[in-house]
>>> print(open('work_1.txt').read())   # compact mmCIF, C-alpha atoms and all ligand atoms
# COMPACT_ATOMS: atom_id res chain seq x y z
CA MET L 183 -52.74 25.71 -7.12
CA ASP L 184 -52.90 29.13 -5.40
CA TRP L 185 -56.14 30.05 -7.22
CA PHE L 186 -57.70 26.79 -6.00
CA ASN L 187 -56.76 27.49 -2.36
CA THR L 188 -58.03 31.08 -2.65
CA MET L 189 -61.33 29.86 -4.07
CA LEU L 190 -61.76 27.26 -1.29
CA ALA L 191 -60.86 29.82 1.40
CA SER L 192 -63.52 32.24 0.09
CA MET L 193 -66.10 29.46 -0.02
CA LEU L 194 -65.41 28.40 3.58
CA THR L 195 -66.57 31.82 4.82
CA TYR L 196 -70.09 30.93 3.71
CA CYS L 197 -70.00 27.33 4.96
CA PRO L 198 -71.59 26.27 8.24
CA ARG L 199 -69.26 25.80 11.24
CA TRP L 200 -69.37 22.01 11.00
CA MET L 201 -67.89 22.21 7.51
CA THR L 202 -65.04 24.53 8.57
CA ARG L 203 -64.32 22.58 11.76
CA PRO L 204 -62.12 19.94 10.06
CA PHE L 205 -59.87 22.73 8.77
CA ALA L 206 -59.56 24.22 12.27
CA GLN L 207 -59.75 21.17 14.52
CA PRO L 208 -56.26 19.71 14.20
CA TYR L 209 -54.78 23.10 15.06
CA VAL L 210 -57.04 24.24 17.92
CA ALA L 211 -57.01 22.64 21.42
CA GLY L 212 -60.74 22.92 22.12
CA GLU L 213 -62.88 25.78 23.36
CA THR L 214 -62.39 25.87 27.16
CA ILE L 215 -59.54 26.23 29.67
CA GLU L 216 -60.15 22.60 30.73
CA ASP L 217 -59.73 21.48 27.09
CA VAL L 218 -56.44 23.30 26.67
CA LEU L 219 -55.05 22.16 30.04
CA GLY L 220 -55.46 18.52 28.94
CA THR L 221 -53.48 19.22 25.77
CA ILE L 222 -50.76 21.10 27.69
CA GLU L 223 -50.38 18.18 30.10
CA ASP L 224 -49.78 15.81 27.16
CA ILE L 225 -47.25 18.18 25.63
CA ILE L 226 -45.33 18.57 28.88
CA ASN L 227 -45.40 14.84 29.60
CA GLN L 228 -43.67 14.35 26.25
CA GLY L 229 -40.84 16.65 27.34
CA PHE L 230 -41.91 19.70 25.32
CA SER L 231 -42.72 23.27 26.40
CA ALA L 232 -45.90 25.16 25.50
CA THR L 233 -47.28 28.61 24.90
CA ILE L 234 -51.07 29.11 24.97
CA ASP L 235 -53.04 31.61 22.89
CA ILE L 236 -56.71 32.47 23.45
CA LEU L 237 -58.14 32.76 19.94
CA GLY L 238 -59.48 36.10 18.86
CA GLU L 239 -58.35 39.47 17.56
CA HIS L 240 -59.64 42.94 16.64
CA VAL L 241 -62.20 43.32 19.44
CA GLN L 242 -64.23 46.50 18.94
CA THR L 243 -65.28 47.58 22.45
CA ALA L 244 -63.57 48.25 25.79
CA GLU L 245 -65.92 45.76 27.49
CA GLU L 246 -64.93 42.94 25.13
CA SER L 247 -61.24 43.72 25.65
CA GLN L 248 -61.69 43.62 29.45
CA THR L 249 -63.41 40.24 29.16
CA VAL L 250 -60.39 39.00 27.20
CA ARG L 251 -58.03 40.50 29.83
CA ASP L 252 -59.92 38.64 32.58
CA LYS L 253 -59.74 35.38 30.61
CA TYR L 254 -55.98 35.76 30.28
CA CYS L 255 -55.68 36.42 34.02
CA ARG L 256 -57.75 33.29 34.77
CA LEU L 257 -55.58 31.32 32.36
CA TYR L 258 -52.45 32.39 34.26
CA GLU L 259 -54.05 31.18 37.50
CA ALA L 260 -54.89 27.88 35.79
CA ILE L 261 -51.32 27.29 34.60
CA GLU L 262 -49.62 28.41 37.81
CA ASN L 263 -49.23 24.88 39.13
CA ILE L 264 -48.42 23.11 35.89
CA ASN L 265 -45.27 21.11 36.40
CA GLY L 266 -43.46 22.26 33.28
CA ASP L 267 -42.60 25.19 31.05
CA CYS L 268 -45.77 26.95 29.88
CA THR L 269 -46.09 30.58 28.79
CA ILE L 270 -48.85 32.66 27.18
CA SER L 271 -48.99 34.41 23.80
CA LEU L 272 -51.45 37.20 23.03
CA LYS L 273 -52.34 39.76 20.38
CA LEU L 274 -52.71 43.48 21.05
CA THR L 275 -55.83 43.81 18.86
CA HIS L 276 -57.42 41.17 21.11
CA LEU L 277 -56.75 43.50 24.06
CA GLY L 278 -58.46 46.47 22.41
CA LEU L 279 -55.89 48.13 20.11
CA ASP L 280 -58.67 49.06 17.68
CA VAL L 281 -60.32 51.00 20.54
CA SER L 282 -57.33 52.82 22.08
CA GLU L 283 -53.66 52.42 22.97
CA ASN L 284 -54.32 53.39 26.59
CA LEU L 285 -56.87 50.62 26.90
CA VAL L 286 -54.33 48.08 25.60
CA LEU L 287 -51.68 49.33 27.98
CA GLU L 288 -54.09 49.02 30.93
CA ASN L 289 -55.15 45.51 29.91
CA LEU L 290 -51.61 44.39 29.14
CA SER L 291 -50.29 45.78 32.44
CA ALA L 292 -52.93 43.82 34.37
CA ILE L 293 -51.97 40.63 32.53
CA VAL L 294 -48.24 41.23 33.04
CA GLN L 295 -48.93 41.78 36.74
CA LYS L 296 -50.67 38.39 36.88
CA ALA L 297 -47.83 36.78 34.90
CA ARG L 298 -45.35 38.12 37.46
CA GLU L 299 -47.40 36.76 40.34
CA VAL L 300 -47.38 33.25 38.90
CA SER L 301 -43.93 33.60 37.32
CA ARG L 302 -44.91 32.57 33.79
CA GLY L 303 -43.78 34.33 30.61
CA ILE L 304 -45.66 36.33 27.95
CA THR L 305 -45.06 36.76 24.24
CA ILE L 306 -46.75 39.62 22.39
CA ASP L 307 -47.53 38.16 18.95
CA MET L 308 -46.81 40.35 15.93
CA GLU L 309 -49.76 41.31 13.75
CA ASP L 310 -49.73 43.17 10.40
CA SER L 311 -47.12 45.80 9.52
CA GLU L 312 -49.31 48.75 10.53
CA LEU L 313 -48.96 47.48 14.10
CA THR L 314 -45.22 46.78 14.18
CA ASP L 315 -44.25 50.07 15.85
CA ILE L 316 -46.95 49.98 18.50
CA THR L 317 -46.22 46.32 19.27
CA LEU L 318 -42.51 47.04 19.76
CA ASN L 319 -43.37 50.06 21.91
CA MET L 320 -45.71 48.00 24.10
CA TYR L 321 -42.99 45.37 24.40
CA LYS L 322 -40.50 48.02 25.56
CA LYS L 323 -42.98 49.45 28.08
CA THR L 324 -43.85 46.08 29.61
CA VAL L 325 -40.42 44.44 29.49
CA ALA L 326 -38.98 47.20 31.64
CA GLY L 327 -40.97 45.75 34.54
CA PHE L 328 -40.90 42.04 33.74
CA ASN L 329 -38.10 40.25 31.99
CA GLN L 330 -40.17 37.20 31.05
CA THR L 331 -41.86 39.22 28.27
CA GLY L 332 -41.03 38.56 24.64
CA THR L 333 -42.24 39.62 21.23
CA VAL L 334 -41.93 38.66 17.58
CA LEU L 335 -40.21 39.87 14.40
CA GLN L 336 -41.19 38.72 10.93
CA ALA L 337 -38.51 37.70 8.43
CA TYR L 338 -40.52 38.94 5.44
CA LEU L 339 -40.30 42.59 6.58
CA PHE L 340 -37.30 44.59 5.32
CA ARG L 341 -37.25 46.54 8.60
CA SER L 342 -36.88 43.56 10.94
CA LEU L 343 -33.07 43.50 11.13
CA ASP L 344 -33.01 47.17 12.20
CA ASP L 345 -35.79 46.49 14.70
CA LEU L 346 -33.84 43.59 16.16
CA LYS L 347 -30.70 45.72 16.60
CA ALA L 348 -32.79 48.42 18.27
CA ILE L 349 -34.32 46.13 20.90
CA ASP L 350 -31.52 43.61 21.50
CA SER L 351 -30.70 43.14 25.18
CA PRO L 352 -29.90 40.25 27.54
CA GLN L 353 -33.62 40.21 28.57
CA LEU L 354 -34.86 39.96 24.97
CA LYS L 355 -36.83 36.81 24.20
CA LEU L 356 -37.55 37.17 20.50
CA ARG L 357 -39.60 34.86 18.33
CA ILE L 358 -38.50 34.95 14.71
CA CYS L 359 -41.11 33.76 12.17
CA LYS L 360 -41.61 34.28 8.45
CA GLY L 361 -44.82 36.31 8.90
CA ILE L 362 -48.41 35.31 8.17
CA TYR L 363 -50.02 38.51 6.81
CA ARG L 364 -50.02 39.76 3.24
CA GLU L 365 -47.57 42.63 2.94
CA SER L 366 -46.68 44.72 -0.11
CA SER L 367 -43.44 44.36 -2.07
CA GLU L 368 -42.58 47.90 -0.96
CA ILE L 369 -41.96 46.76 2.59
CA ALA L 370 -41.61 42.99 2.46
CA PHE L 371 -39.73 40.24 0.67
CA GLN L 372 -42.08 38.20 -1.51
CA ASN L 373 -39.61 35.55 -2.61
CA LYS L 374 -39.31 32.38 -0.48
CA ASP L 375 -35.51 32.25 -0.60
CA GLU L 376 -35.17 35.91 0.37
CA ILE L 377 -37.49 35.36 3.34
CA ARG L 378 -35.48 32.28 4.39
CA ASN L 379 -32.18 34.16 4.06
CA ASN L 380 -33.49 37.02 6.18
CA PHE L 381 -34.82 34.54 8.75
CA ILE L 382 -31.34 33.01 9.06
CA THR L 383 -29.72 36.46 9.26
CA LEU L 384 -32.12 37.50 12.03
CA VAL L 385 -31.52 34.37 14.11
CA GLN L 386 -27.75 34.52 13.66
CA THR L 387 -27.64 38.24 14.49
CA LEU L 388 -29.66 37.64 17.63
CA LEU L 389 -27.49 34.73 18.72
CA LYS L 390 -24.29 36.71 18.06
CA GLY L 391 -25.87 39.51 20.09
CA GLN L 392 -27.45 39.33 23.52
CA GLY L 393 -31.03 38.03 23.36
CA THR L 394 -32.66 34.60 23.24
CA ALA L 395 -33.91 33.31 19.87
CA GLN L 396 -37.23 31.51 19.53
CA ILE L 397 -37.02 29.91 16.10
CA ALA L 398 -40.65 29.55 14.96
CA THR L 399 -40.90 27.59 11.73
CA HIS L 400 -41.95 24.23 10.26
CA ASP L 401 -39.72 24.71 7.23
CA PRO L 402 -37.27 21.76 7.21
CA ILE L 403 -34.69 23.69 5.16
CA LEU L 404 -34.61 26.49 7.74
CA MET L 405 -34.65 24.13 10.71
CA ASP L 406 -31.78 22.00 9.37
CA SER L 407 -29.69 24.96 8.38
CA LEU L 408 -30.07 26.69 11.77
CA GLU L 409 -29.53 23.44 13.65
CA THR L 410 -26.18 22.97 11.86
CA TRP L 411 -25.14 26.60 12.47
CA ILE L 412 -26.06 26.40 16.16
CA GLU L 413 -24.00 23.23 16.60
CA GLU L 414 -21.00 24.54 14.63
CA ASN L 415 -21.02 27.71 16.70
CA GLN L 416 -21.60 25.88 19.99
CA ILE L 417 -24.48 28.15 20.97
CA SER L 418 -25.60 27.42 24.51
CA PRO L 419 -29.07 25.77 24.64
CA ASP L 420 -30.34 28.45 27.01
CA ARG L 421 -29.94 31.03 24.20
CA PHE L 422 -32.46 29.50 21.79
CA GLU L 423 -35.52 27.29 21.35
CA PHE L 424 -37.54 25.93 18.44
CA GLN L 425 -41.27 26.66 18.22
CA VAL L 426 -44.03 25.09 16.13
CA LEU L 427 -47.80 25.42 15.88
CA TYR L 428 -49.91 22.74 17.56
CA GLY L 429 -51.07 20.07 15.15
CA VAL L 430 -48.67 20.65 12.26
CA PRO L 431 -47.20 17.24 11.35
CA MET L 432 -43.42 17.28 11.90
CA GLY L 433 -42.46 13.59 11.60
CA ASN L 434 -39.99 12.85 14.39
CA LYS L 435 -38.15 16.17 14.03
CA LEU L 436 -39.36 17.60 17.34
CA GLU L 437 -38.35 14.50 19.30
CA LYS L 438 -34.87 14.67 17.72
CA LEU L 439 -34.45 18.30 18.78
CA ARG L 440 -35.79 17.54 22.27
CA ASP L 441 -33.42 14.58 22.64
CA LYS L 442 -30.47 16.91 22.10
CA GLY L 443 -31.54 18.62 25.31
CA TRP L 444 -32.97 21.61 23.40
CA THR L 445 -36.24 23.38 24.22
CA VAL L 446 -39.07 22.79 21.75
CA ARG L 447 -42.18 24.88 22.43
CA ILE L 448 -45.59 24.14 20.95
CA TYR L 449 -47.91 27.12 20.32
CA VAL L 450 -51.39 26.00 21.34
CA PRO L 451 -54.42 28.13 20.38
CA PHE L 452 -57.83 27.47 21.92
CA GLY L 453 -61.14 29.24 22.48
CA GLU L 454 -64.64 29.92 21.25
CA GLN L 455 -63.40 32.18 18.47
CA TRP L 456 -61.94 29.30 16.46
CA PHE L 457 -64.37 29.79 13.55
CA ASP L 458 -63.70 33.50 12.95
CA TYR L 459 -60.02 33.02 13.55
CA SER L 460 -59.75 30.10 11.13
CA VAL L 461 -61.72 31.80 8.37
CA ARG L 462 -59.68 34.99 8.72
CA ARG L 463 -56.43 32.99 8.70
CA LEU L 464 -57.58 31.03 5.67
CA LYS L 465 -58.52 34.17 3.77
CA GLU L 466 -55.28 35.91 4.72
CA ASN L 467 -53.23 32.91 3.71
CA PRO L 468 -55.15 30.49 1.48
CA GLN L 469 -51.99 28.32 1.36
CA ILE L 470 -53.15 26.95 4.74
CA ILE L 471 -55.96 25.17 2.88
CA GLY L 472 -53.28 23.45 0.84
CA TYR L 473 -51.36 22.51 4.01
CA VAL L 474 -54.47 21.06 5.63
CA LEU L 475 -55.49 19.09 2.56
CA GLY L 476 -51.87 17.97 2.05
CA ASN L 477 -51.50 16.92 5.68
CA PHE L 478 -54.89 15.19 5.55
CA LEU L 479 -53.81 13.15 2.52
CA LYS L 480 -50.45 12.31 4.18
CA ASN L 481 -52.18 10.84 7.28
C1 LIG T 501 -44.84 29.17 17.10
C2 LIG T 501 -45.24 30.08 15.99
C3 LIG T 501 -45.68 31.35 16.29
C4 LIG T 501 -46.02 32.24 15.26
N1 LIG T 501 -46.34 33.54 15.56
C5 LIG T 501 -46.55 34.42 14.56
C6 LIG T 501 -46.73 35.81 14.82
O1 LIG T 501 -46.72 36.27 15.97
N2 LIG T 501 -46.93 36.63 13.76
C7 LIG T 501 -46.95 36.18 12.46
O2 LIG T 501 -47.09 36.99 11.53
N3 LIG T 501 -46.78 34.86 12.19
C8 LIG T 501 -46.59 33.98 13.19
N4 LIG T 501 -46.38 32.66 12.90
C9 LIG T 501 -46.65 32.15 11.53
C10 LIG T 501 -45.41 32.25 10.65
O3 LIG T 501 -45.14 33.60 10.39
C11 LIG T 501 -45.60 31.53 9.29
O4 LIG T 501 -46.66 32.11 8.59
C12 LIG T 501 -45.90 30.04 9.44
O5 LIG T 501 -45.14 29.45 10.46
C13 LIG T 501 -45.54 29.32 8.12
O6 LIG T 501 -44.18 29.49 7.83
P1 LIG T 501 -43.07 28.33 8.02
O7 LIG T 501 -41.82 28.99 8.47
O8 LIG T 501 -43.58 27.28 8.91
O9 LIG T 501 -42.74 27.82 6.57
P2 LIG T 501 -43.66 27.31 5.38
O10 LIG T 501 -42.74 27.04 4.24
O11 LIG T 501 -44.80 28.26 5.12
O12 LIG T 501 -44.24 25.97 5.94
C14 LIG T 501 -43.48 24.78 5.99
C15 LIG T 501 -44.46 23.60 6.12
O13 LIG T 501 -45.11 23.65 7.40
C16 LIG T 501 -46.49 23.29 7.30
N5 LIG T 501 -47.29 24.42 7.81
C17 LIG T 501 -46.87 25.69 7.98
N6 LIG T 501 -47.84 26.45 8.54
C18 LIG T 501 -48.91 25.64 8.70
C19 LIG T 501 -50.21 25.84 9.23
N7 LIG T 501 -50.65 27.01 9.72
N8 LIG T 501 -51.06 24.77 9.23
C20 LIG T 501 -50.65 23.57 8.79
N9 LIG T 501 -49.43 23.32 8.30
C21 LIG T 501 -48.56 24.33 8.24
C22 LIG T 501 -46.74 22.95 5.87
O14 LIG T 501 -46.64 21.55 5.71
C23 LIG T 501 -45.62 23.63 5.11
O15 LIG T 501 -45.31 22.98 3.93
C24 LIG T 501 -45.99 31.78 13.90
C25 LIG T 501 -45.55 30.49 13.62
C26 LIG T 501 -45.16 29.65 14.62
C27 LIG T 501 -44.64 28.29 14.28
>>> encode(input="work_1.txt", output="structure tokens")
Amino acid sequence: MDWFNTMLASMLTYCPRWMTRPFAQPYVAGETIEDVLGTIEDIINQGFSATIDILGEHVQTAEESQTVRDKYCRLYEAIENINGDCTISLKLTHLGLDVSENLVLENLSAIVQKAREVSRGITIDMEDSELTDITLNMYKKTVAGFNQTGTVLQAYLFRSLDDLKAIDSPQLKLRICKGIYRESSEIAFQNKDEIRNNFITLVQTLLKGQGTAQIATHDPILMDSLETWIEENQISPDRFEFQVLYGVPMGNKLEKLRDKGWTVRIYVPFGEQWFDYSVRRLKENPQIIGYVLGNFLKN
């Protein structure tokens, strides 16, 4: 089935936008700030939390990165008065990492400043393994001034447990996910069970340590297993939350977690870059084609 997904993903690159839209649409909350605010209101009215991502990555000029910075600042102003828990997630290559580290630091500092003013959190998403060190460094530099900053570790990377131990602190808000990029067997687990086991180890280590765990997965085996462990160990609900991507069908699982009084945060991407983003995602992980077709057939 993998060859079929890979073939479809390659073909979509050459398809017109209208043909790719169905693969992106369920997972993207429109193109404008107004579009995404409507979605966030629905999410919050249902008792969930949200984190918003402006789609895009790997900008190639300082001007583009500054436009992105300004959009993030406007987004913070737009969510200031939302009556609920809403944070922002962003990628360093969207803020100009391909141009220079100083540029990213300048852009990120301006966004963190805005986040402080409106008292809303930030998560720095984790990109491919070549960017792990710089992402963790940027996290350390920005968290020193603002404790509502978080970042991400990927369970497929061998290094993640050491990284976690190195950054653990009471301020740490750490999203744990499996990891979306293709990484070599020299640095990353390739086997599903090994990735799951490392995911569980990372979450348990974090919860036995000092930080807050943001458990980002749709995998029912992982969710059930961590839910049981959290209950058996009577972990306080302010030490963890579950996170899922907008649009992924979850049955009534999210409502069940919410009804226990636990935080469930939905990651909501939006923006004009949905086409490039979707095609890149699909090529990086052709399995998504299978998810979309599978979910489409389930509905
Ligand atoms: C909130 C959140 C934030 C994330 N942030 C990052 C990040 O910063 N860096 C990073 O590398 N990765 C990130 N990811 C992606 C993550 O690393 C995985 O690639 C992705 O979540 C799939 O793994 P899974 O744990 O859901 O398990 P899987 O076993 O891959 O998926 C379980 C089931 O969920 C459904 N599903 C999973 N993903 C999708 C999808 N995209 N579209 C439709 N259905 C899907 C499918 O039905 C699948 O069978 C994030 C994921 C989430 C939920």
>>> closest_residue(input="work_1.txt", among="L:Asp420, L:Asp441, L:Asp315, L:Glu216", to="Ile349 in chain L", atoms="all atoms listed in the file")
L:Asp315
>>> closest_residue(input="work_1.txt", among="L:Ile306, L:Ile316, L:Ile377, L:Ile222", to="Ser271 in chain L", atoms="only C-alpha atoms")
L:Ile306
>>> atom_distance(input="work_1.txt", atom1="CA of Tyr209 in chain L", atom2="CA of Gly266 in chain L")
21.5 Å
>>> closest_atom_pairs(input="work_1.txt", of="chain L", to="ligand LIG 501 (chain T)", cutoff="6 Å", atoms="all atoms listed in the file", output="tab-separated table")
residue	atom	partner	partner_atom	distance
L:Asp307	CA	T:LIG501	O1	3.6
L:Met308	CA	T:LIG501	O1	4.1
L:Glu309	CA	T:LIG501	N2	5.5
L:Val334	CA	T:LIG501	O1	5.6
L:Cys359	CA	T:LIG501	O3	4.4
L:Lys360	CA	T:LIG501	O3	4.1
L:Gly361	CA	T:LIG501	O3	3.1
L:Ile362	CA	T:LIG501	O4	3.7
L:Tyr363	CA	T:LIG501	O2	5.8
L:Ala398	CA	T:LIG501	C27	4.2
L:Thr399	CA	T:LIG501	O7	3.7
L:His400	CA	T:LIG501	O8	3.7
L:Asp401	CA	T:LIG501	C14	4.0
L:Gln425	CA	T:LIG501	C1	4.5
L:Val426	CA	T:LIG501	C27	3.7
L:Leu427	CA	T:LIG501	C27	4.6
L:Val430	CA	T:LIG501	N9	4.8
L:Tyr449	CA	T:LIG501	C1	4.9
L:Ile470	CA	T:LIG501	N8	5.4
L:Tyr473	CA	T:LIG501	N9	4.8
L:Val474	CA	T:LIG501	C20	5.6
>>> atom_distance(input="work_1.txt", atom1="CA of Gly238 in chain L", atom2="CA of Gln455 in chain L")
5.6 Å
>>> decode(input="work_1.txt", residues="range 240-270 of chain L", atoms="N, CA and C atoms", output="PDB file, in the first residue's frame")
ATOM      1  N   HIS L 240      10.260  27.322   5.539  1.00  0.00           N
ATOM      2  CA  HIS L 240      11.400  27.526   4.629  1.00  0.00           C
ATOM      3  C   HIS L 240      11.273  28.775   3.769  1.00  0.00           C
ATOM      4  N   VAL L 241      10.962  29.927   4.379  1.00  0.00           N
ATOM      5  CA  VAL L 241      10.980  31.172   3.594  1.00  0.00           C
ATOM      6  C   VAL L 241      12.444  31.493   3.252  1.00  0.00           C
ATOM      7  N   GLN L 242      12.640  32.164   2.122  1.00  0.00           N
ATOM      8  CA  GLN L 242      13.998  32.319   1.587  1.00  0.00           C
ATOM      9  C   GLN L 242      14.543  33.744   1.647  1.00  0.00           C
ATOM     10  N   THR L 243      13.724  34.705   2.136  1.00  0.00           N
ATOM     11  CA  THR L 243      14.254  36.075   2.230  1.00  0.00           C
ATOM     12  C   THR L 243      13.877  36.680   3.586  1.00  0.00           C
ATOM     13  N   ALA L 244      14.662  37.694   3.992  1.00  0.00           N
ATOM     14  CA  ALA L 244      14.386  38.388   5.255  1.00  0.00           C
ATOM     15  C   ALA L 244      13.014  39.064   5.188  1.00  0.00           C
ATOM     16  N   GLU L 245      12.691  39.635   4.021  1.00  0.00           N
ATOM     17  CA  GLU L 245      11.407  40.352   3.880  1.00  0.00           C
ATOM     18  C   GLU L 245      10.239  39.393   4.121  1.00  0.00           C
ATOM     19  N   GLU L 246      10.316  38.214   3.484  1.00  0.00           N
ATOM     20  CA  GLU L 246       9.221  37.238   3.686  1.00  0.00           C
ATOM     21  C   GLU L 246       9.106  36.871   5.158  1.00  0.00           C
ATOM     22  N   SER L 247      10.247  36.675   5.823  1.00  0.00           N
ATOM     23  CA  SER L 247      10.204  36.247   7.230  1.00  0.00           C
ATOM     24  C   SER L 247       9.596  37.350   8.096  1.00  0.00           C
ATOM     25  N   GLN L 248       9.860  38.627   7.722  1.00  0.00           N
ATOM     26  CA  GLN L 248       9.303  39.737   8.516  1.00  0.00           C
ATOM     27  C   GLN L 248       7.793  39.856   8.292  1.00  0.00           C
ATOM     28  N   THR L 249       7.352  39.521   7.082  1.00  0.00           N
ATOM     29  CA  THR L 249       5.905  39.497   6.824  1.00  0.00           C
ATOM     30  C   THR L 249       5.244  38.426   7.705  1.00  0.00           C
ATOM     31  N   VAL L 250       5.909  37.281   7.795  1.00  0.00           N
ATOM     32  CA  VAL L 250       5.366  36.193   8.630  1.00  0.00           C
ATOM     33  C   VAL L 250       5.338  36.639  10.102  1.00  0.00           C
ATOM     34  N   ARG L 251       6.446  37.262  10.549  1.00  0.00           N
ATOM     35  CA  ARG L 251       6.502  37.776  11.932  1.00  0.00           C
ATOM     36  C   ARG L 251       5.322  38.717  12.200  1.00  0.00           C
ATOM     37  N   ASP L 252       5.068  39.632  11.256  1.00  0.00           N
ATOM     38  CA  ASP L 252       3.971  40.594  11.452  1.00  0.00           C
ATOM     39  C   ASP L 252       2.614  39.889  11.491  1.00  0.00           C
ATOM     40  N   LYS L 253       2.481  38.838  10.671  1.00  0.00           N
ATOM     41  CA  LYS L 253       1.200  38.085  10.693  1.00  0.00           C
ATOM     42  C   LYS L 253       1.003  37.416  12.053  1.00  0.00           C
ATOM     43  N   TYR L 254       2.099  36.862  12.598  1.00  0.00           N
ATOM     44  CA  TYR L 254       1.969  36.235  13.917  1.00  0.00           C
ATOM     45  C   TYR L 254       1.605  37.277  14.977  1.00  0.00           C
ATOM     46  N   CYS L 255       2.208  38.464  14.871  1.00  0.00           N
ATOM     47  CA  CYS L 255       1.893  39.512  15.865  1.00  0.00           C
ATOM     48  C   CYS L 255       0.415  39.910  15.747  1.00  0.00           C
ATOM     49  N   ARG L 256      -0.075  40.025  14.498  1.00  0.00           N
ATOM     50  CA  ARG L 256      -1.501  40.376  14.315  1.00  0.00           C
ATOM     51  C   ARG L 256      -2.395  39.259  14.857  1.00  0.00           C
ATOM     52  N   LEU L 257      -1.953  38.025  14.659  1.00  0.00           N
ATOM     53  CA  LEU L 257      -2.743  36.891  15.157  1.00  0.00           C
ATOM     54  C   LEU L 257      -2.845  36.943  16.690  1.00  0.00           C
ATOM     55  N   TYR L 258      -1.730  37.290  17.352  1.00  0.00           N
ATOM     56  CA  TYR L 258      -1.798  37.417  18.818  1.00  0.00           C
ATOM     57  C   TYR L 258      -2.803  38.489  19.221  1.00  0.00           C
ATOM     58  N   GLU L 259      -2.799  39.620  18.485  1.00  0.00           N
ATOM     59  CA  GLU L 259      -3.774  40.676  18.816  1.00  0.00           C
ATOM     60  C   GLU L 259      -5.194  40.140  18.633  1.00  0.00           C
ATOM     61  N   ALA L 260      -5.376  39.335  17.571  1.00  0.00           N
ATOM     62  CA  ALA L 260      -6.726  38.827  17.272  1.00  0.00           C
ATOM     63  C   ALA L 260      -7.214  37.831  18.324  1.00  0.00           C
ATOM     64  N   ILE L 261      -6.284  37.104  18.949  1.00  0.00           N
ATOM     65  CA  ILE L 261      -6.748  36.092  19.928  1.00  0.00           C
ATOM     66  C   ILE L 261      -6.730  36.625  21.366  1.00  0.00           C
ATOM     67  N   GLU L 262      -6.279  37.865  21.525  1.00  0.00           N
ATOM     68  CA  GLU L 262      -6.145  38.401  22.888  1.00  0.00           C
ATOM     69  C   GLU L 262      -7.436  38.259  23.690  1.00  0.00           C
ATOM     70  N   ASN L 263      -8.566  38.573  23.038  1.00  0.00           N
ATOM     71  CA  ASN L 263      -9.820  38.602  23.795  1.00  0.00           C
ATOM     72  C   ASN L 263     -10.654  37.340  23.676  1.00  0.00           C
ATOM     73  N   ILE L 264     -10.082  36.297  23.107  1.00  0.00           N
ATOM     74  CA  ILE L 264     -10.824  35.029  23.048  1.00  0.00           C
ATOM     75  C   ILE L 264     -11.043  34.535  24.478  1.00  0.00           C
ATOM     76  N   ASN L 265     -12.267  34.092  24.728  1.00  0.00           N
ATOM     77  CA  ASN L 265     -12.602  33.658  26.073  1.00  0.00           C
ATOM     78  C   ASN L 265     -12.323  32.166  26.226  1.00  0.00           C
ATOM     79  N   GLY L 266     -11.054  31.809  26.214  1.00  0.00           N
ATOM     80  CA  GLY L 266     -10.686  30.399  26.315  1.00  0.00           C
ATOM     81  C   GLY L 266      -9.190  30.262  26.132  1.00  0.00           C
ATOM     82  N   ASP L 267      -8.736  29.007  26.149  1.00  0.00           N
ATOM     83  CA  ASP L 267      -7.298  28.723  26.120  1.00  0.00           C
ATOM     84  C   ASP L 267      -6.836  28.550  24.670  1.00  0.00           C
ATOM     85  N   CYS L 268      -6.091  29.532  24.175  1.00  0.00           N
ATOM     86  CA  CYS L 268      -5.637  29.478  22.780  1.00  0.00           C
ATOM     87  C   CYS L 268      -4.188  29.962  22.703  1.00  0.00           C
ATOM     88  N   THR L 269      -3.310  29.108  22.188  1.00  0.00           N
ATOM     89  CA  THR L 269      -1.898  29.464  22.041  1.00  0.00           C
ATOM     90  C   THR L 269      -1.542  29.479  20.557  1.00  0.00           C
ATOM     91  N   ILE L 270      -0.254  29.711  20.273  1.00  0.00           N
ATOM     92  CA  ILE L 270       0.205  29.728  18.882  1.00  0.00           C
ATOM     93  C   ILE L 270       1.396  28.786  18.724  1.00  0.00           C
TER      94      ILE L 270
END
